[in-house]
Structure formats: C-alpha cells, structure tokens
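What follows is the content of query18.cif, which has mmCIF, C-alpha atoms:
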```cif
data_upload
loop_
_atom_site.label_atom_id
_atom_site.label_comp_id
_atom_site.auth_asym_id
_atom_site.auth_seq_id
_atom_site.Cartn_x
_atom_site.Cartn_y
_atom_site.Cartn_z
CA MET A 283 108.41 78.65 71.53
CA ASN A 284 107.04 81.93 72.87
CA LEU A 285 106.44 80.95 76.50
CA ARG A 286 104.27 83.95 77.35
CA ALA A 287 102.03 83.42 74.32
CA GLU A 288 101.68 79.73 75.19
CA ILE A 289 100.79 80.56 78.79
CA LEU A 290 98.06 82.91 77.58
CA ARG A 291 96.86 80.60 74.81
CA GLU A 292 95.18 78.04 77.03
CA HIS A 293 94.56 77.53 80.74
CA SER A 294 94.42 73.77 81.18
CA ILE A 295 96.28 71.02 82.97
CA SER A 296 97.48 69.59 79.66
CA ASN A 297 98.96 72.92 78.56
CA THR A 298 100.46 73.48 82.01
CA LEU A 299 102.14 70.06 82.01
CA LYS A 300 103.36 70.52 78.43
CA LEU A 301 104.92 73.87 79.30
CA ALA A 302 106.36 72.56 82.57
CA GLY A 303 108.00 69.71 80.67
CA TRP A 304 109.46 72.12 78.13
CA VAL A 305 110.66 74.63 80.74
CA GLY A 306 112.01 71.85 82.98
CA LYS A 307 114.56 70.86 80.32
CA ASP A 308 116.41 74.18 80.31
CA VAL A 309 117.35 76.42 83.24
CA PHE A 310 117.29 79.50 80.98
CA ARG A 311 113.67 78.77 80.14
CA PHE A 312 113.03 78.52 83.87
CA HIS A 313 114.57 81.96 84.41
CA GLU A 314 112.27 83.31 81.69
CA LEU A 315 109.28 81.69 83.42
CA MET A 316 110.28 83.14 86.79
CA LYS A 317 110.68 86.61 85.30
CA MET A 318 107.08 86.40 84.07
CA PHE A 319 105.90 84.85 87.32
CA LEU A 320 107.36 87.63 89.43
CA ASN A 321 106.72 90.62 87.15
CA ASP A 322 103.96 90.13 84.61
CA GLU A 323 100.24 90.86 84.49
CA TYR A 324 97.73 89.05 86.70
CA ARG A 325 96.71 86.29 84.26
CA VAL A 326 100.28 85.46 83.26
CA VAL A 327 101.43 85.42 86.90
CA GLN A 328 98.55 83.18 87.93
CA ARG A 329 99.12 80.67 85.13
CA ALA A 330 102.89 80.78 85.46
CA SER A 331 102.58 79.90 89.16
CA TRP A 332 101.02 76.59 88.20
CA ILE A 333 103.89 75.84 85.81
CA VAL A 334 106.45 76.86 88.47
CA ARG A 335 104.91 74.28 90.79
CA TYR A 336 105.43 71.44 88.32
CA VAL A 337 108.91 72.53 87.27
CA ALA A 338 109.91 72.73 90.94
CA GLU A 339 108.88 69.09 91.35
CA GLN A 340 111.22 68.16 88.47
CA GLN A 341 114.05 70.57 89.30
CA PRO A 342 113.78 71.62 92.98
CA GLU A 343 117.32 73.01 93.00
CA TRP A 344 116.29 75.71 90.50
CA ILE A 345 113.92 77.29 93.03
CA SER A 346 116.61 78.18 95.59
CA SER A 347 117.77 81.36 93.84
CA TYR A 348 114.16 82.61 93.72
CA MET A 349 113.00 81.52 97.15
CA GLN A 350 113.43 84.89 98.86
CA GLN A 351 111.59 86.70 96.06
CA MET A 352 108.79 84.15 96.21
CA LEU A 353 108.40 84.54 99.95
CA GLU A 354 108.42 88.32 99.72
CA TYR A 355 105.90 88.10 96.87
CA CYS A 356 103.46 86.35 99.23
CA GLN A 357 103.47 89.42 101.45
CA HIS A 358 101.85 91.49 98.70
CA PRO A 359 98.36 91.28 97.25
CA VAL A 360 98.73 88.46 94.74
CA PRO A 361 96.24 85.92 93.40
CA ASP A 362 95.38 83.06 95.74
CA ALA A 363 96.70 80.63 93.13
CA VAL A 364 100.12 82.24 93.39
CA LYS A 365 100.31 81.88 97.17
CA ARG A 366 98.91 78.37 96.99
CA ASN A 367 101.48 77.25 94.43
CA ILE A 368 104.38 78.94 96.23
CA MET A 369 103.48 77.29 99.52
CA ARG A 370 102.91 73.95 97.76
CA VAL A 371 106.44 74.18 96.33
CA LEU A 372 108.01 75.25 99.62
CA GLN A 373 106.42 72.44 101.62
CA ASN A 374 108.45 69.92 99.61
CA ILE A 375 111.88 71.53 99.56
CA GLU A 376 114.46 72.42 102.14
CA ILE A 377 114.44 76.10 103.00
CA PRO A 378 117.93 77.46 103.66
CA ASN A 379 118.63 78.60 107.21
CA LYS A 380 119.05 82.22 106.12
CA LEU A 381 115.47 82.26 104.78
CA GLN A 382 113.74 80.30 107.52
CA GLY A 383 112.88 83.43 109.50
CA LEU A 384 111.25 85.06 106.49
CA ALA A 385 109.50 81.80 105.58
CA ALA A 386 108.17 81.41 109.12
CA THR A 387 106.92 85.02 109.19
CA VAL A 388 105.15 84.69 105.85
CA CYS A 389 103.64 81.31 106.71
CA PHE A 390 102.42 82.44 110.13
CA GLN A 391 100.79 85.47 108.48
CA LEU A 392 99.07 83.30 105.87
CA LEU A 393 97.99 80.70 108.41
CA ALA A 394 96.59 83.32 110.81
CA SER A 395 94.68 85.23 108.15
CA GLN A 396 90.95 84.71 107.96
CA GLN A 397 90.97 85.75 104.30
CA GLU A 398 93.26 83.01 103.00
CA PRO A 399 91.81 79.93 101.31
CA VAL A 400 92.24 76.63 103.10
CA ALA A 401 94.82 75.32 100.60
CA VAL A 402 97.13 78.28 101.28
CA LYS A 403 96.73 77.68 105.00
CA VAL A 404 97.42 73.94 104.95
CA PHE A 405 100.50 74.30 102.76
CA SER A 406 101.75 77.11 105.03
CA MET A 407 101.12 74.88 108.01
CA THR A 408 103.29 72.16 106.48
CA VAL A 409 106.09 74.61 105.68
CA LEU A 410 106.01 75.75 109.31
CA ALA A 411 106.03 72.16 110.56
CA ASN A 412 109.12 71.51 108.47
CA ILE A 413 110.81 74.61 109.89
CA THR A 414 110.11 73.45 113.47
CA LYS A 415 112.44 70.51 112.85
CA VAL A 416 115.28 73.05 112.74
CA GLU A 417 113.68 75.73 114.95
CA PRO A 418 111.80 73.82 117.68
CA ASP A 419 111.02 77.09 119.50
CA LEU A 420 108.28 77.69 116.92
CA LYS A 421 106.35 74.53 117.85
CA ASP A 422 104.24 76.14 120.57
CA GLU A 423 103.24 79.08 118.39
CA LEU A 424 102.27 76.71 115.58
CA ARG A 425 100.28 74.47 117.94
CA VAL A 426 98.35 77.44 119.32
CA LEU A 427 97.53 78.80 115.88
CA ILE A 428 96.36 75.42 114.58
CA ASN A 429 94.22 74.75 117.66
CA GLU A 430 92.65 78.22 117.50
CA GLN A 431 91.37 77.54 114.01
CA MET A 432 90.43 73.86 114.22
CA GLU A 433 86.74 74.37 114.92
CA LEU A 434 86.34 77.19 112.41
CA GLU A 435 88.02 75.62 109.41
CA SER A 436 87.22 72.94 106.84
CA ALA A 437 87.76 69.20 107.01
CA ALA A 438 90.94 69.59 104.95
CA PHE A 439 92.36 72.02 107.50
CA LYS A 440 91.39 69.74 110.40
CA SER A 441 92.94 66.71 108.73
CA ARG A 442 96.24 68.44 108.05
CA GLY A 443 96.14 70.20 111.42
CA ASN A 444 95.67 66.94 113.32
CA ARG A 445 98.49 65.30 111.37
CA ILE A 446 100.85 68.19 112.10
CA LEU A 447 99.87 68.36 115.78
CA LYS A 448 100.73 64.65 116.11
CA MET A 449 104.01 65.19 114.30
CA LEU A 450 104.89 68.08 116.64
CA GLU A 451 104.18 65.88 119.67
CA ASN A 452 106.54 63.19 118.35
CA GLN A 453 109.44 65.51 117.50
#
```
Take the structure I supplied and represent it as structure tokens, if you would.
Amino acid sequence: MNLRAEILREHSISNTLKLAGWVGKDVFRFHELMKMFLNDEYRVVQRASWIVRYVAEQQPEWISSYMQQMLEYCQHPVPDAVKRNIMRVLQNIEIPNKLQGLAATVCFQLLASQQEPVAVKVFSMTVLANITKVEPDLKDELRVLINEQMELESAAFKSRGNRILKMLENQ
C-alpha cells in the first residue's frame, strides 16, 4: 500500500481508522507515517496527525522516539489539527523526565495563547496537570493560567479547567 497516496485519497474517519490499523501492525510503517507527519506538505501532515493519534492509542511505546520532535514541531506554525492531535496523544502517555521541561514550555505557550483553539488548550492543560505529578512546583503557574482564562473561554475549557483545578488541590 502507498501510505501517502491513501492519506491523500480520502479524508474520513473510516479511511483514518483503516490506515491506523494498517500502520499499527508494523513499526516500519509507523516510521514512514512519522516521516510524512513531520516533513510533508500541509494536507499530508494534517491528515497524518489524525492517524498518528490512533496509532499512538494502539502502540504508545512507538511515540517515545518521536516525542521531542513532536513537541518542537508544536513551536512552529503548524495546522491546529496537528497541535490538537499531538497534545491529545501526549495527555495519555508518560513523558520522560528529560522531555518534561520542553513539554511544559510548549504546553504553557499553547495554553496561554489567545489564538489557540479550545481543544489544543484543554489537551495542553491535561499534559501540564500530568507533569505536575512529577514537578509539583508547576502547580501554581498552571492554576493561575487556568483561572485567568476561565471567564473568557468556552464551556469545554471551563469543564476541563475545573476538573484540573480540583485535581491540583487534591495532589
């Protein structure tokens, strides 16, 4: 199967899940997907990010060798879908200690930005909450940032923000 051609052929959940299932059976296919995800044209990158998300749910250990590149990628102008899917993946996996500083920096930047969509912000918020379990010194900064935005953001932000604020209080 020509993965790139299949990614471009159709943008649908059924195609995404089909490709994620195929890629998730072979780590070499995953490397091919990640090469496209990190280096290809806009449309391929955007669609590949969705597949990466589903493969990461099946094979979370495969993400670790790409985690730094993914975090650094979020610091550049990339499609919202890319940031959303990266943060969605990172909220559900353990970030190695050596990358927690970079992850915290990226997530604080995304969370503080007024240009980011709410989904990017809430997933970033969750990644940060997970990091505070290892780095409790970040709790206060996260609390302040969430509280500053509570009245300005959507119901989804408020819901996740309230849940994380309660979690921070109970840690």
* Counting only C-alpha atoms, what is within 10 Å of Gly303 in chain A, bar same-chain residues fewer than 5 positions away, as a count of residues only? -> 7
* Asked: Taking into account only C-alpha atoms, which residue in the set A:Ile289, A:Leu384, A:Leu315, A:Val402 is nearest to Asp362 in chain A?
  -> A:Val402
* **Point-to-point distance from CA of Asp422 in chain A to CA of Val400 in chain A, Å rounded to tenths** =>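 CA of Asp422 in chain A sits 21.2 Å away from CA of Val400 in chain A.
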* Provide the CA of Glu288 in chain A to CA of Tyr355 in chain A distance in Å, to one decimal place. =>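 So the two atoms, CA of Glu288 in chain A and CA of Tyr355 in chain A, lie 23.6 Å apart.
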* Hits of the PyMOL selection byres ((chain A and resi 391) around 12) in this structure, as an MDAnalysis selection string -> chainID A and resid 353:354 356:358 365 384:390 392:398 402:403 406:407 410 424 427
* Any idea what's packed within 12 Å of Ser436 in chain A, counting all atoms listed in the file, ignoring anything in its chain fewer than 4 positions away? Could you give it as an MDAnalysis selection string? -> chainID A and resid 399:401 403:404 431:432 440:443
Pull the closest atom pair for each residue of range 372-440 of chain A that gets at most 12 Å from range 341-350 of chain A, along with the distance in Å to one decimal, counting only C-alpha atoms, ordering rows by chain and then ascending residue number, as a Markdown table.
```
| residue | atom | partner | partner_atom | distance |
| --- | --- | --- | --- | --- |
| A:Leu372 | CA | A:Met349 | CA | 8.4 |
| A:Gln373 | CA | A:Pro342 | CA | 11.4 |
| A:Asn374 | CA | A:Pro342 | CA | 8.7 |
| A:Ile375 | CA | A:Pro342 | CA | 6.8 |
| A:Glu376 | CA | A:Ser346 | CA | 9.0 |
| A:Ile377 | CA | A:Ser346 | CA | 8.0 |
| A:Pro378 | CA | A:Ser346 | CA | 8.2 |
| A:Asn379 | CA | A:Gln350 | CA | 11.7 |
| A:Lys380 | CA | A:Gln350 | CA | 9.6 |
| A:Leu381 | CA | A:Gln350 | CA | 6.8 |
| A:Gln382 | CA | A:Gln350 | CA | 9.8 |
| A:Gly383 | CA | A:Gln350 | CA | 10.8 |
| A:Leu384 | CA | A:Gln350 | CA | 7.9 |
| A:Ala385 | CA | A:Gln350 | CA | 8.4 |
| A:Val388 | CA | A:Gln350 | CA | 10.8 |
```
* Pick out the residues sitting within 12 Å of Glu292 in chain A, and hand them over as a list in words; count all atoms listed in the file, and ignore anything fewer than 5 positions along from it in its own chain. =>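 The neighbour list is Leu285, Arg286, Ala287, Asn297, Thr298, Leu299, Lys300, Leu301, Arg325, Val326, Arg329 and Ala330 of chain A.
Taking CA of Ile413 in chain A as the reference point, CA of Ile446 in chain A is found at 12.1 Å.
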* Asked: Near Tyr324 in chain A, within 9 Å and counting only C-alpha atoms, which residues show up once chain neighbours fewer than 4 positions away are dropped, as a PyMOL selection string?
  -> chain A and resi 328-329+360-361
* Name the residues in contact with Thr414 in chain A at a cut-off of 9 Å, using all atoms listed in the file, excluding same-chain residues fewer than 5 positions from it; report them as a list in words. =>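 Non-adjacent residues within range: Val409, Asp419, Leu420, Lys421, Leu424, Leu450 and Gln453 of chain A.
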